[in-house]
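Asks: Following this message is one structure expressed as structure tokens.
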Amino acid sequence: MSEFDRLVLQCRPGFEKEAAAEVTDRAAEVGVYGYCQLKEHSGFVLFHCQEAGAALTVIENVSFRSLIFIRQWLACGELQHLEAGDRIAQLDALLGTYPDCVELWAEQPDTTEGRELVTFCRKFSSAMAQHLRKKGKLKKQQSQPKRLHLFVLSGSEMYLGVAPVSNSAPWLNGIPRLKFPKQAPSRSTLKLEEAWHWFIPKSQWDERIPLSGTAVDLGAAPGGWTWQLVNRSMFVAAVDNGPMNADLMESGQVEHVEADAYQYVPEKMVDMMVCDVVEKPVRTAHLAVDWILNGYCREAIFNLKLPMKKRYQETVSCLNLISDRLSEVGVRFELRAKQLYHDREEITCTLRVI
């Protein structure tokens, strides 16, 4: 039996404290209080709610899209210790208090040890989903569909929980499966592609990342982010004093501007500005606002490089700075931030006028 009194929150290993601070703040906004249990570099956090059922309140009332350090979440009860034998039957017996679900996912921590469980998760979830379908416990048609989750710590220890399909990550473990393009100059190229998948609905790509559109890449060298823009047939001003990839320059779609990224001003508005410069986050936050307020771009996607300490506090401070500056002049905007799978000590943000 589950009382749905806790949340499992997946995050980047090493950022458990940031995920814990974030869920504590966001849960309090909807009147849910509790405490976090975490182990550094484990890749997940447990949030224990004070009241039974309160975990459902959080996942149904806090927007998952607004979370930064939390990749995936589920509401659940206590850790299940399964005995040898028919583990599927043991889990099935727990589902009496669970809402109907449309599908089943099995996930594991994004750690070296956790990745050893990937094959087990795939096979076990397939067998359990087949069992539940035969018993009519996975139902395709629902007005507000939920997903049944298994968060697996070992072959005999796992959390059984649920999450709304429309208010959780659309990928296993909250990680979109992207393939590194061999032609790209650097692996940083995947940061921008992942950001597009998180921030821009596919139906809006042609509008917000328009084919044959215009873009500026600040701090472009050697061209990892520029490559993604060129791959969308965009024309790019690549701003950097360092050298650009020769093959990329032969595309005919890139103008290399040797200048300081923080001093460059485009001749006219571009569709997108992107920035992955290693600089103090507050300076990049001001830069993004300047580009929006001055009408230099329609949308900005930029990375905020976080300090070694007080990373959550610095994140909140920078996002508040952006919000305050735009609100002061009456601009309606969309600001979103996420620590991507391909990020390291940083978060990626998008900012645009709406």
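Convention: chains lettered A, B, ... in structure tokens order; per-chain residue numbering from 1; ligands numbered from 1 as shown.
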From stretch 258-351 of chain A, collect each residue whose DSSP state is strand (DSSP E or B) and return the set as number ranges by chain.

Replies: A: 270-275, 297-305, 333-338, 346-351

Asks: Save the residues we just selected, N, CA and C atoms, as a CSV table (one decimal), in the first residue's frame?

Replies:
chain,number,residue,atom,x,y,z
A,270,VAL,N,17.9,39.7,-34.9
A,270,VAL,CA,18.1,38.3,-35.4
A,270,VAL,C,17.0,37.4,-34.7
A,271,ASP,N,16.8,36.3,-35.3
A,271,ASP,CA,15.8,35.4,-34.8
A,271,ASP,C,16.3,34.8,-33.4
A,272,MET,N,17.6,34.5,-33.3
A,272,MET,CA,18.0,33.8,-32.1
A,272,MET,C,19.5,34.2,-31.8
A,273,MET,N,19.7,34.5,-30.5
A,273,MET,CA,21.0,34.7,-30.0
A,273,MET,C,21.3,33.5,-29.1
A,274,VAL,N,22.5,32.9,-29.2
A,274,VAL,CA,22.9,31.9,-28.3
A,274,VAL,C,24.3,32.2,-27.7
A,275,CYS,N,24.5,31.8,-26.5
A,275,CYS,CA,25.8,32.2,-25.8
A,275,CYS,C,26.2,31.1,-24.8
A,297,CYS,N,17.4,40.6,-30.6
A,297,CYS,CA,17.0,39.2,-30.9
A,297,CYS,C,15.6,38.9,-30.5
A,298,ARG,N,15.0,37.9,-31.1
A,298,ARG,CA,13.6,37.5,-30.7
A,298,ARG,C,13.7,36.5,-29.5
A,299,GLU,N,14.7,35.7,-29.5
A,299,GLU,CA,14.9,34.8,-28.4
A,299,GLU,C,16.4,34.6,-28.1
A,300,ALA,N,16.7,34.4,-26.8
A,300,ALA,CA,18.1,34.1,-26.4
A,300,ALA,C,18.1,32.8,-25.7
A,301,ILE,N,19.1,32.0,-26.0
A,301,ILE,CA,19.4,30.8,-25.3
A,301,ILE,C,20.8,30.9,-24.8
A,302,PHE,N,21.0,30.8,-23.5
A,302,PHE,CA,22.3,31.1,-22.9
A,302,PHE,C,22.6,30.2,-21.7
A,303,ASN,N,23.9,30.0,-21.5
A,303,ASN,CA,24.3,29.2,-20.3
A,303,ASN,C,24.8,30.1,-19.2
A,304,LEU,N,24.4,29.8,-18.0
A,304,LEU,CA,24.9,30.5,-16.8
A,304,LEU,C,25.9,29.5,-16.1
A,305,LYS,N,27.1,29.9,-16.1
A,305,LYS,CA,28.2,29.0,-15.4
A,305,LYS,C,28.1,29.3,-13.9
A,333,PHE,N,7.2,38.3,-20.7
A,333,PHE,CA,8.3,37.4,-21.2
A,333,PHE,C,8.1,36.0,-20.8
A,334,GLU,N,8.8,35.1,-21.4
A,334,GLU,CA,9.0,33.7,-21.0
A,334,GLU,C,10.4,33.5,-20.7
A,335,LEU,N,10.7,33.0,-19.4
A,335,LEU,CA,12.0,32.7,-19.0
A,335,LEU,C,12.0,31.3,-18.4
A,336,ARG,N,12.8,30.4,-19.0
A,336,ARG,CA,12.9,29.0,-18.5
A,336,ARG,C,14.3,28.6,-18.3
A,337,ALA,N,14.6,27.7,-17.4
A,337,ALA,CA,15.9,27.3,-17.2
A,337,ALA,C,15.9,25.8,-16.9
A,338,LYS,N,17.0,25.1,-17.3
A,338,LYS,CA,17.2,23.7,-17.0
A,338,LYS,C,18.6,23.3,-16.9
A,346,GLU,N,26.7,24.2,-14.8
A,346,GLU,CA,26.0,25.3,-15.5
A,346,GLU,C,24.5,24.9,-15.6
A,347,ILE,N,23.7,25.9,-16.0
A,347,ILE,CA,22.3,25.7,-16.4
A,347,ILE,C,22.1,26.4,-17.7
A,348,THR,N,21.1,26.0,-18.5
A,348,THR,CA,20.8,26.6,-19.7
A,348,THR,C,19.5,27.3,-19.6
A,349,CYS,N,19.4,28.5,-20.2
A,349,CYS,CA,18.1,29.3,-20.1
A,349,CYS,C,17.7,29.7,-21.5
A,350,THR,N,16.4,29.9,-21.6
A,350,THR,CA,15.8,30.6,-22.7
A,350,THR,C,15.0,31.8,-22.3
A,351,LEU,N,15.0,32.8,-23.1
A,351,LEU,CA,14.3,34.1,-22.8
A,351,LEU,C,13.8,34.7,-24.0

Asks: Give the helix (DSSP H, G or I) residues of stretch 276-328 of chain A, as assigned by DSSP on the backbone, as number ranges by chain.

Replies: A: 281-293, 311-328

Asks: List the spatial neighbours of stretch 237-246 of chain A as a count of residues only - criterion: any atom at most 6 Å away, only C-alpha atoms, same-chain residues fewer than 6 positions off excluded.

Replies: 15

Asks: Give me the stretch 97-122 of chain A side of the contact with stretch 59-71 of chain A, cut-off 12 Å, one line per residue showing its nearest atom pair and distance in Å at one decimal, counting only C-alpha atoms, sorted by chain and residue number, as a Markdown table.

Replies:
| residue | atom | partner | partner_atom | distance |
| --- | --- | --- | --- | --- |
| A:Glu107 | CA | A:Arg71 | CA | 11.8 |
| A:Pro109 | CA | A:Arg71 | CA | 11.0 |
| A:Asp110 | CA | A:Arg71 | CA | 10.5 |

Asks: Can I get the selected residues back with N, CA and C atoms, as a PDB file, in the first residue's frame?

Replies:
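The resulting file, out-v7.pdb, is shown below:
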ATOM      1  N   GLU A 107      13.142   3.136 -14.435  1.00  0.00           N
ATOM      2  CA  GLU A 107      14.312   4.000 -14.539  1.00  0.00           C
ATOM      3  C   GLU A 107      15.290   3.669 -13.418  1.00  0.00           C
ATOM      4  N   PRO A 109      19.136   5.297 -11.310  1.00  0.00           N
ATOM      5  CA  PRO A 109      19.987   6.478 -11.137  1.00  0.00           C
ATOM      6  C   PRO A 109      20.988   6.615 -12.281  1.00  0.00           C
ATOM      7  N   ASP A 110      21.295   7.851 -12.649  1.00  0.00           N
ATOM      8  CA  ASP A 110      22.245   8.117 -13.722  1.00  0.00           C
ATOM      9  C   ASP A 110      23.663   8.143 -13.147  1.00  0.00           C
TER      10      ASP A 110
END

Asks: Residues at most 10 Å from A:Gln142, counting only C-alpha atoms, excluding those fewer than 2 positions away in the same chain, as an NGL selection string?

Replies: :A and (100-102 or 139-140 or 144-146)

Asks: Have a look at A:Ala54, A:Leu38, A:Leu306, A:Ala184 and name the one nearest to A:Val230; count only C-alpha atoms.

Replies: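 So, comparing all the options, the nearest one is A:Ala184.
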
Asks: Taking only C-alpha atoms into account, which of A:Gly295, A:Gly161, A:Pro170, A:Gly330 comes nearest A:Pro99?

Replies: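 Nearest to A:Pro99: A:Gly161.
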
Asks: Would you mind listing what lies within 8 Å of stretch 77-91 of chain A as a list in words, with only C-alpha atoms counted and same-chain residues fewer than 3 positions away left out?

Replies: Met1, Ser2, Glu3, Phe4, Asp5, Arg6, Leu94, Leu95, Met128, His131, Ser156, Glu157, Met158, Tyr159, Leu160 and Gly161 of chain A

Asks: Write out as a VMD selection string which residues come within 12 Å of A:Ser125 when counting only C-alpha atoms, dropping same-chain ones fewer than 6 positions away.

Replies: chain A and resid 87 to 88 91 103 to 108 117 to 119 131 to 133 148 to 152 155 160

Asks: Rank A:Val353, A:Leu340, A:Ala75, A:Ala52 by their smallest atom-to-atom distance to A:Ala163, using only C-alpha atoms, and report the top residue only.

Replies: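 Checking each of A:Val353, A:Leu340, A:Ala75, A:Ala52 against A:Ala163, counting only C-alpha atoms, the winner is A:Ala75.
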